[in-house]
Amino acid sequence: MQTDKIRIHEKGIGRENALAETARFSEYMGLDPKSARRVRLLVEEAVGMVDAITENFDADFWLEGTKDGMCRIHIALKTDMDIAKKRELIDASKSKKNAAYGGFMGRIRELIEDSIYFNGDGTPQEEWWAGGSRRQEYVMMGMTNMSMAPGAPMPMDDYIWSLENYRQGVEAAKENDDKAEAAWDELEKSIVANIADDVKVSVKGNAAEVVVEKKFAAVNR
């Protein structure tokens, strides 16, 4: 089944409606109280992460469930950015004023934000990925296109990122690299990374979609 789509805006507008829809979804799916709490936690984290991205965005939230127990939380967002606004965001990010959401979900937030706001004329991409202090080398381990290596320029128009790929890449590197070890610590502390089976991110132009996946016991419906 698929729930109705809930429109989410900046400053938490629509959040309560999303949580109410989550409760209805859990009841329809026949989830036990523990599983229902996990779905709610994942929704809260996902909605909070999107809300921390920036101002001037609209997002659609919905849940999808299947008879085999798979639950997918979808957030599809879009923002209209002109070059002047992108420049403002670059300046804010470089001065670390736009870092309201930390930890592992903060890395995903930055991944989405960097791709949406720093594409366009090419110059922001070059400036951002040439070696800025916040360049996310280890997040790139989650790229499903494994030709993307840490430190390589990221294609800004269309890509897919996966938590599972990221988890495997960081785990393989953490024994020999302090940054990878720190990234692994973030994963261990993250609610989403500990509960979700996978998180997938796709970005194209000024639009992005985040899908959080969690499989529970099969439902009898």
# chains A, B, ... in the order shown; residues from 1 in each chain; ligands from 1
$ residues_around --residues "Ile112 (chain A)" --least-positions-apart "2" --cutoff "8 Å" --atoms "only C-alpha atoms" --output "PDB file with N, CA and C atoms, in the first residue's frame"
ATOM      1  N   ILE A 108      24.484  13.136   4.997  1.00  0.00           N
ATOM      2  CA  ILE A 108      23.519  12.984   3.909  1.00  0.00           C
ATOM      3  C   ILE A 108      22.952  14.342   3.526  1.00  0.00           C
ATOM      4  N   ARG A 109      22.653  15.151   4.543  1.00  0.00           N
ATOM      5  CA  ARG A 109      22.149  16.499   4.265  1.00  0.00           C
ATOM      6  C   ARG A 109      23.117  17.279   3.393  1.00  0.00           C
ATOM      7  N   GLU A 110      24.390  17.234   3.750  1.00  0.00           N
ATOM      8  CA  GLU A 110      25.391  17.948   2.970  1.00  0.00           C
ATOM      9  C   GLU A 110      25.508  17.376   1.558  1.00  0.00           C
ATOM     10  N   ASP A 114      24.914  19.970  -1.261  1.00  0.00           N
ATOM     11  CA  ASP A 114      26.016  20.293  -2.162  1.00  0.00           C
ATOM     12  C   ASP A 114      25.629  20.054  -3.612  1.00  0.00           C
ATOM     13  N   SER A 115      24.928  18.944  -3.873  1.00  0.00           N
ATOM     14  CA  SER A 115      24.584  18.612  -5.237  1.00  0.00           C
ATOM     15  C   SER A 115      23.542  19.547  -5.813  1.00  0.00           C
ATOM     16  N   ILE A 116      22.513  19.868  -5.010  1.00  0.00           N
ATOM     17  CA  ILE A 116      21.444  20.733  -5.503  1.00  0.00           C
ATOM     18  C   ILE A 116      21.928  22.161  -5.709  1.00  0.00           C
ATOM     19  N   VAL A 201      19.718   7.766  -1.954  1.00  0.00           N
ATOM     20  CA  VAL A 201      19.566   9.168  -2.312  1.00  0.00           C
ATOM     21  C   VAL A 201      19.780   9.318  -3.807  1.00  0.00           C
ATOM     22  N   VAL A 203      19.657  12.397  -6.914  1.00  0.00           N
ATOM     23  CA  VAL A 203      19.605  13.836  -7.161  1.00  0.00           C
ATOM     24  C   VAL A 203      19.658  14.077  -8.654  1.00  0.00           C
ATOM     25  N   ALA A 208      15.623  16.194  -5.446  1.00  0.00           N
ATOM     26  CA  ALA A 208      16.266  15.056  -4.793  1.00  0.00           C
ATOM     27  C   ALA A 208      15.201  14.173  -4.166  1.00  0.00           C
TER      28      ALA A 208
END
$ residues_around --residues "Val212 (chain A)" --least-positions-apart "3" --cutoff "6 Å" --atoms "only C-alpha atoms" --output "PDB file with C-alpha atoms, in the first residue's frame"
ATOM      1  CA  ARG A  72       9.861   2.552   2.422  1.00  0.00           C
ATOM      2  CA  ILE A  73       9.847   6.155   3.595  1.00  0.00           C
ATOM      3  CA  VAL A 199      19.013   4.696   2.687  1.00  0.00           C
TER       4      VAL A 199
END
$ residues_around --residues "Ala18 (chain A)" --least-positions-apart "2" --cutoff "9 Å" --atoms "only C-alpha atoms" --output "list of chain:residue names"
A:Lys5, A:Ile6, A:Arg7, A:Ile8, A:Gly14, A:Arg15, A:Glu16, A:Ala20, A:Glu21, A:Thr22, A:Ala23, A:Val43, A:Glu44, A:Val47, A:Phe61, A:Trp62
$ closest_residue --among "A:Arg167, A:Lys200, A:Arg38, A:Lys214" --to "Trp184 (chain A)" --atoms "only C-alpha atoms"
A:Arg167
$ atom_distance --atom1 "CA of Glu64 (chain A)" --atom2 "CA of Met49 (chain A)"
19.6 Å
$ atom_distance --atom1 "CA of Ser26 (chain A)" --atom2 "CA of Val39 (chain A)"
7.7 Å
$ closest_residue --among "A:Leu63, A:Leu42, A:Met105, A:Leu163" --to "Lys189 (chain A)" --atoms "only C-alpha atoms"
A:Met105
$ closest_residue --among "A:Gln168, A:Ser35, A:Asn17, A:Thr3" --to "Ala196 (chain A)" --atoms "only C-alpha atoms"
A:Ser35
